[in-house]
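Structure file target32.txt (compact mmCIF, C-alpha atoms) is printed below.
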```txt
# COMPACT_ATOMS: atom_id res chain seq x y z
CA ALA T 1 37.23 182.70 114.46
CA TYR T 2 36.20 186.34 114.70
CA VAL T 3 32.80 187.31 116.06
CA ASP T 4 31.29 190.75 115.83
CA GLY T 5 27.87 192.27 115.58
CA GLY T 6 27.43 190.74 112.15
CA GLY T 7 27.60 187.15 113.39
CA ILE T 8 30.24 184.41 113.52
CA ASN T 9 32.89 183.54 110.97
CA VAL T 10 34.12 179.94 111.28
CA SER T 11 36.48 180.00 108.30
CA GLY T 12 39.58 177.97 109.01
CA CYS T 13 37.77 175.74 111.51
CA ASP T 14 37.73 172.06 110.47
CA CYS T 15 35.16 171.15 113.15
CA THR T 16 32.01 170.08 111.26
CA THR T 17 29.79 170.57 114.30
CA CYS T 18 30.34 174.32 114.72
CA ALA T 19 27.14 176.26 114.12
CA GLY T 20 25.82 179.72 114.89
CA VAL T 21 23.13 180.10 117.52
CA GLU T 22 20.79 182.88 118.39
CA SER T 23 21.87 185.74 120.63
CA LEU T 24 21.81 185.13 124.38
CA GLY T 25 22.04 187.26 127.53
CA PRO T 26 24.01 190.52 127.80
CA ARG T 27 27.68 190.56 128.80
CA ARG T 28 30.12 193.30 129.70
CA ASP T 29 33.77 193.00 128.64
CA GLY T 30 36.50 195.62 129.20
CA GLY T 31 34.08 198.44 129.92
CA ALA T 32 32.03 197.95 126.71
CA TYR T 33 28.67 196.26 126.56
CA VAL T 34 28.04 193.33 124.29
CA ASP T 35 24.96 191.22 123.87
CA GLY T 36 24.89 187.51 123.18
CA GLY T 37 28.04 185.51 122.73
CA GLY T 38 28.95 182.49 124.77
CA THR T 39 29.37 178.87 123.71
CA ARG T 40 26.10 177.05 123.33
CA PHE T 41 25.67 173.27 123.17
CA SER T 42 22.53 172.22 121.38
CA SER T 43 23.28 168.58 122.21
CA LEU T 44 23.25 169.51 125.91
CA ARG T 45 19.76 171.02 125.99
CA ASP T 46 21.12 174.36 124.77
CA ALA T 47 23.40 174.82 127.76
CA THR T 48 25.44 177.99 127.26
CA PHE T 49 28.74 178.80 128.92
CA PHE T 50 30.21 182.28 129.39
CA PRO T 51 33.82 181.84 130.55
CA ASP T 52 35.45 184.82 132.26
CA VAL T 53 38.69 186.42 131.16
CA GLY T 54 41.46 183.83 131.32
CA GLU T 55 39.07 180.89 131.30
CA ALA T 56 38.10 178.44 128.56
CA VAL T 57 35.47 175.85 127.77
CA VAL T 58 36.86 172.38 127.02
CA HIS T 59 34.65 169.72 125.45
CA GLY T 60 34.59 166.78 123.10
CA ALA T 61 34.44 167.57 119.39
CA ARG T 62 31.36 165.40 118.86
CA LEU T 63 29.19 167.69 121.00
CA ARG T 64 27.24 169.98 118.67
CA HIS T 65 28.13 173.51 119.68
CA GLY T 66 28.42 177.03 118.37
CA GLY T 67 29.20 180.63 119.27
CA GLY T 68 26.26 182.90 120.03
CA ASP T 69 25.58 185.95 117.88
CA VAL T 70 27.14 189.09 119.30
CA THR T 71 25.58 192.53 119.06
CA GLY T 72 26.79 195.77 120.56
CA VAL T 73 29.80 198.02 120.21
CA ALA T 74 32.55 195.68 121.37
CA PRO T 75 33.96 192.96 119.14
CA ARG T 76 34.57 189.54 120.57
CA TYR T 77 36.99 186.82 119.52
CA VAL T 78 36.49 183.07 119.66
CA LEU T 79 39.76 181.15 120.07
CA ALA T 80 39.32 177.50 119.18
CA PHE T 81 41.99 174.94 119.95
CA PHE T 82 41.97 171.33 118.77
CA PHE T 83 43.73 168.40 120.40
CA ASP T 84 44.90 165.47 118.31
CA GLU T 85 43.25 162.33 119.69
CA GLU T 86 46.19 160.18 118.67
CA LEU T 87 48.49 162.39 120.71
CA CYS T 88 46.12 162.18 123.65
CA TYR T 89 46.00 158.40 123.35
CA GLY T 90 49.77 158.39 123.17
CA ALA T 91 49.95 160.46 126.36
CA ASP T 92 47.57 158.01 128.03
CA TYR T 93 49.80 155.10 127.06
CA ASP T 94 52.86 157.00 128.28
CA LEU T 95 51.14 157.55 131.61
CA LEU T 96 50.12 153.90 131.76
CA TYR T 97 53.63 152.66 130.99
CA THR T 98 55.13 155.09 133.52
CA THR T 99 52.70 153.89 136.19
CA LEU T 100 53.50 150.24 135.45
CA ILE T 101 57.23 150.88 135.57
CA CYS T 102 56.95 152.74 138.89
CA THR T 103 54.69 150.07 140.38
CA PHE T 104 56.45 146.90 139.29
CA ILE T 105 60.08 147.97 138.85
CA ILE T 106 61.05 151.15 140.69
CA ALA T 107 58.99 150.61 143.86
CA PRO T 108 60.21 147.01 144.42
CA LEU T 109 63.77 148.12 143.70
CA LEU T 110 63.55 150.89 146.30
CA MET T 111 62.07 148.50 148.85
CA TRP T 112 64.87 146.01 148.16
CA MET T 113 67.49 148.72 148.63
CA ILE T 114 65.92 149.93 151.88
CA PHE T 115 65.61 146.47 153.42
CA THR T 116 69.06 145.44 152.20
CA ASP T 117 70.60 148.47 153.88
CA PHE T 118 68.57 147.78 157.02
CA SER T 119 69.69 144.14 157.10
CA GLU T 120 73.34 145.07 156.57
CA SER T 121 73.12 147.72 159.30
CA LYS T 122 71.49 145.26 161.67
CA GLY T 123 74.14 142.68 160.79
CA ARG T 124 76.93 145.14 161.55
CA LYS T 125 75.25 146.01 164.84
CA ASN T 126 74.86 142.36 165.79
CA ALA T 127 78.44 141.63 164.77
CA ALA T 128 79.65 144.22 167.27
CA ALA T 129 77.14 143.13 169.91
CA PRO T 130 79.22 140.37 171.61
CA ASN T 131 81.95 142.88 172.52
CA ALA T 132 79.38 145.37 173.84
CA GLN T 133 77.51 142.64 175.68
CA THR T 134 80.56 141.07 177.34
CA ARG T 135 82.65 144.14 178.10
CA TRP T 136 81.71 144.90 181.71
CA ALA T 137 83.70 146.19 184.66
CA TYR T 138 81.63 144.04 187.02
CA PHE T 139 78.31 142.22 187.38
CA HIS T 140 75.77 142.68 190.15
CA PHE T 141 75.20 139.44 192.04
CA SER T 142 73.86 138.17 195.35
CA ASP T 143 74.36 134.85 197.13
CA ASP T 144 71.42 135.26 199.50
CA PHE T 145 68.79 136.49 196.99
CA ARG T 146 65.90 134.09 196.35
CA THR T 147 63.09 134.25 193.81
CA ARG T 148 59.46 133.69 194.70
CA ALA T 149 60.03 130.05 193.79
CA GLY T 150 62.93 129.94 196.27
CA GLU T 151 65.64 129.69 193.61
CA SER T 152 69.05 131.35 193.90
CA LEU T 153 70.61 133.50 191.21
CA GLU T 154 73.08 130.77 190.31
CA THR T 155 70.21 128.32 189.87
CA CYS T 156 68.43 130.84 187.63
CA LEU T 157 71.65 131.32 185.66
CA ASN T 158 71.79 127.59 184.98
CA LYS T 159 68.06 127.15 184.25
CA TYR T 160 66.88 130.35 182.57
CA GLY T 161 70.03 132.05 181.29
CA VAL T 162 70.74 135.70 180.57
CA GLY T 163 69.72 138.35 178.07
CA GLY T 164 69.47 142.08 177.79
CA TRP T 165 68.39 145.12 175.85
CA ARG T 166 70.14 147.87 173.93
CA SER T 167 68.88 151.39 173.23
CA GLY T 168 70.43 154.35 171.48
CA GLU T 169 72.15 155.40 174.71
CA GLN T 170 72.40 152.42 177.08
CA ILE T 171 73.05 148.67 177.29
CA CYS T 172 71.57 146.49 180.01
CA ALA T 173 72.46 142.88 180.92
CA LEU T 174 69.82 140.77 182.65
CA LEU T 175 69.62 137.43 184.46
CA PHE T 176 66.18 135.89 184.00
CA LEU T 177 64.38 134.69 187.11
CA ASP T 178 61.87 132.30 185.54
CA GLY T 179 61.15 130.46 182.31
CA ARG T 180 59.32 133.39 180.73
CA ALA T 181 62.69 135.11 180.25
CA THR T 182 61.34 138.66 180.30
CA ALA T 183 62.81 141.92 181.54
CA ALA T 184 59.80 142.33 183.81
CA ASN T 185 61.07 139.50 186.01
CA ALA T 186 64.83 139.67 185.81
CA TRP T 187 67.89 140.56 187.85
CA THR T 188 69.93 143.45 186.46
CA LEU T 189 73.50 142.28 186.05
CA GLY T 190 74.69 145.67 184.84
CA LEU T 191 73.78 148.91 183.09
CA LYS T 192 76.20 151.03 181.06
CA GLY T 193 76.40 153.75 178.46
CA LEU T 194 77.67 153.33 174.94
CA ASP T 195 81.09 154.44 176.18
CA HIS T 196 81.10 151.24 178.34
CA LYS T 197 81.07 153.30 181.53
CA GLN T 198 78.86 151.42 183.95
CA LEU T 199 76.00 153.28 185.57
CA PRO T 200 74.63 152.86 189.09
CA THR T 201 71.47 150.78 189.13
CA ARG T 202 69.32 148.79 191.53
CA PRO T 203 69.49 145.16 190.35
CA HIS T 204 66.14 144.15 191.85
CA ALA T 205 63.30 145.51 193.98
CA SER T 206 64.48 143.31 196.85
CA PRO T 207 68.12 142.58 196.06
CA GLY T 208 69.38 141.66 199.52
CA VAL T 209 73.14 141.86 199.90
CA VAL T 210 74.60 142.74 196.50
CA SER T 211 78.20 142.03 195.56
CA SER T 212 80.25 142.86 192.46
CA VAL T 213 81.49 139.91 190.40
CA LEU T 214 84.50 140.61 188.20
CA PRO T 215 84.38 139.35 184.58
CA ASP T 216 87.64 137.42 184.96
CA SER T 217 86.33 135.36 187.89
CA ARG T 218 84.88 131.90 187.41
CA LEU T 219 81.30 133.14 187.79
CA GLY T 220 82.04 136.29 185.78
CA ARG T 221 83.34 134.23 182.84
CA ARG T 222 80.21 132.06 182.90
CA ILE T 223 78.00 135.14 182.75
CA ALA T 224 80.10 136.77 180.02
CA ASN T 225 80.08 133.60 177.90
CA GLN T 226 76.31 133.35 178.11
CA LEU T 227 75.94 137.05 177.27
CA ALA T 228 78.14 136.55 174.20
CA ASP T 229 75.71 133.93 172.88
CA THR T 230 72.65 136.10 173.49
CA VAL T 231 70.96 138.51 171.09
CA PHE T 232 70.10 141.69 172.96
CA GLU T 233 66.74 143.26 172.21
CA ASP T 234 66.76 146.66 170.50
CA VAL T 235 64.43 149.09 172.26
CA ALA T 236 63.47 152.64 171.39
```
Kindly transcribe the structure held in the file into structure tokens.
Amino acid sequence: AYVDGGGINVSGCDCTTCAGVESLGPRRDGGAYVDGGGTRFSSLRDATFFPDVGEAVVHGARLRHGGGDVTGVAPRYVLAFFFDEELCYGADYDLLYTTLICTFIIAPLLMWMIFTDFSESKGRKNAAAPNAQTRWAYFHFSDDFRTRAGESLETCLNKYGVGGWRSGEQICALLFLDGRATAANAWTLGLKGLDHKQLPTRPHASPGVVSSVLPDSRLGRRIANQLADTVFEDVA
């Protein structure tokens, strides 16, 4: 629709609620003064909007509205665009269907893939664990060490067993000293890097006389067999 000083021409507009309204406040566009203009909504207590260059007013077609009369030397143009409600509803349904597909199909599928890969990776790691857990050059041991309960290491080996932990850089084998079976109260049998090179370590705060037990000895085989049946804890 073209608006000039003579009023508004709504020819070609199929909106039955368009209507002219009286002139409103002055505006300045492109260096020329114009009076009036704007989009006025009589169904909204005559609220009038004056969008700047590059802006637009978007509203429902059922709101009674019209372009204000324009006076002055500069012509103004009203560009009206209409959106097909059926197309909008179709877009809403497309968005709804897309959301449902993402929520109930794609997201569960991604979660399944992630956890499946994690489980397989963990399985491969655990499958290789017995070799890493039993491949030691020696084990730290002591015949004269006693726990607070007065038990020897061999007694603890028989009663509480062994365990260990594995990080991204090191592997540690432990002999538990009580029934809680925690690293906080354990004897360190050995510590090594991922290259299986054993590292120097203090097996206990009060180790006494420490000896090295070879894996092919009777005691060494007992320790190695128990380590093979143990799941080492993964630590950060």
Residues within 8 Å of Ser212 in chain T, all atoms listed in the file, excluding chain neighbours under 5 positions, as a list in words =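 Selected residues are Tyr138, Phe139, His140 and Phe141 of chain T.
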Could you save the residues just selected, with C-alpha atoms, as an mmCIF file, in the frame of the given file?
```
data_model
loop_
_atom_site.group_PDB
_atom_site.id
_atom_site.type_symbol
_atom_site.label_atom_id
_atom_site.label_comp_id
_atom_site.auth_asym_id
_atom_site.auth_seq_id
_atom_site.Cartn_x
_atom_site.Cartn_y
_atom_site.Cartn_z
ATOM 1 C CA TYR T 138 81.630 144.040 187.020
ATOM 2 C CA PHE T 139 78.310 142.220 187.380
ATOM 3 C CA HIS T 140 75.770 142.680 190.150
ATOM 4 C CA PHE T 141 75.200 139.440 192.040
#
```
Using all atoms listed in the file, which residues sit within 6 Å of range 37-47 of chain T once same-chain residues fewer than 4 positions away are excluded, as an NGL selection string?
-> :T and (64-70)
Computed gap from CA of Arg180 in chain T to CA of Ser217 in chain T is 28.0 Å
Can you work out which one of T:Phe145, T:Leu153, T:Lys192, T:Ala228 has the shortest atom-to-atom distance to Arg166 in chain T, counting only C-alpha atoms?
->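 Of the candidates, the smallest distance to Arg166 in chain T is held by T:Lys192.
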Contacts of Ala186 in chain T at 9 Å (all atoms listed in the file; same-chain gap of 6+ positions) as number ranges by chain = T: 162, 174-178, 203-204
So how many Å separate CA of Asp144 in chain T and CA of Gln226 in chain T, to one decimal?
->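 Between these atoms lies a distance of 22.0 Å.
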Separation of CA of Ser142 in chain T from CA of Pro207 in chain T, in Å and rounded to one decimal = 7.3 Å
Give the answer as one residue: which of T:Thr48, T:Thr103, T:Thr134, T:Thr116 has the shortest atom-to-atom distance to Arg222 in chain T, using only C-alpha atoms?
->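 Among the listed residues, T:Thr134 lies closest to Arg222 in chain T.
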Box dimensions and centre (Å, one decimal) enclosing range 189-199 of chain T, axis-aligned, 4 Å extra per side, as lines of an AutoDock Vina configuration file:
```
center_x = 77.3
center_y = 148.4
center_z = 180.5
size_x = 15.6
size_y = 20.2
size_z = 19.1
```
Excluding Ile223 in chain T and any residue of its chain fewer than 4 positions from it, enumerate the residues within 8 Å of it, using only C-alpha atoms, and give them as a PyMOL selection string.
-> chain T and resi 157+162+215+219+227
Excluding same-chain residues fewer than 6 positions from Gln170 in chain T, what lies within 8 Å of it counting all atoms listed in the file, as a PyMOL selection string?
-> chain T and resi 191-194
Among listed residues T:Ala137, T:Phe232, T:Lys197, T:Gly54, nearest Thr182 in chain T (using only C-alpha atoms) | T:Phe232
Measuring atom to atom with all atoms listed in the file, identify which of T:Pro51, T:Gly190, T:Val58, T:Asn185 is nearest to Ala224 in chain T.
->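 Closest to Ala224 in chain T of all the choices is T:Gly190.
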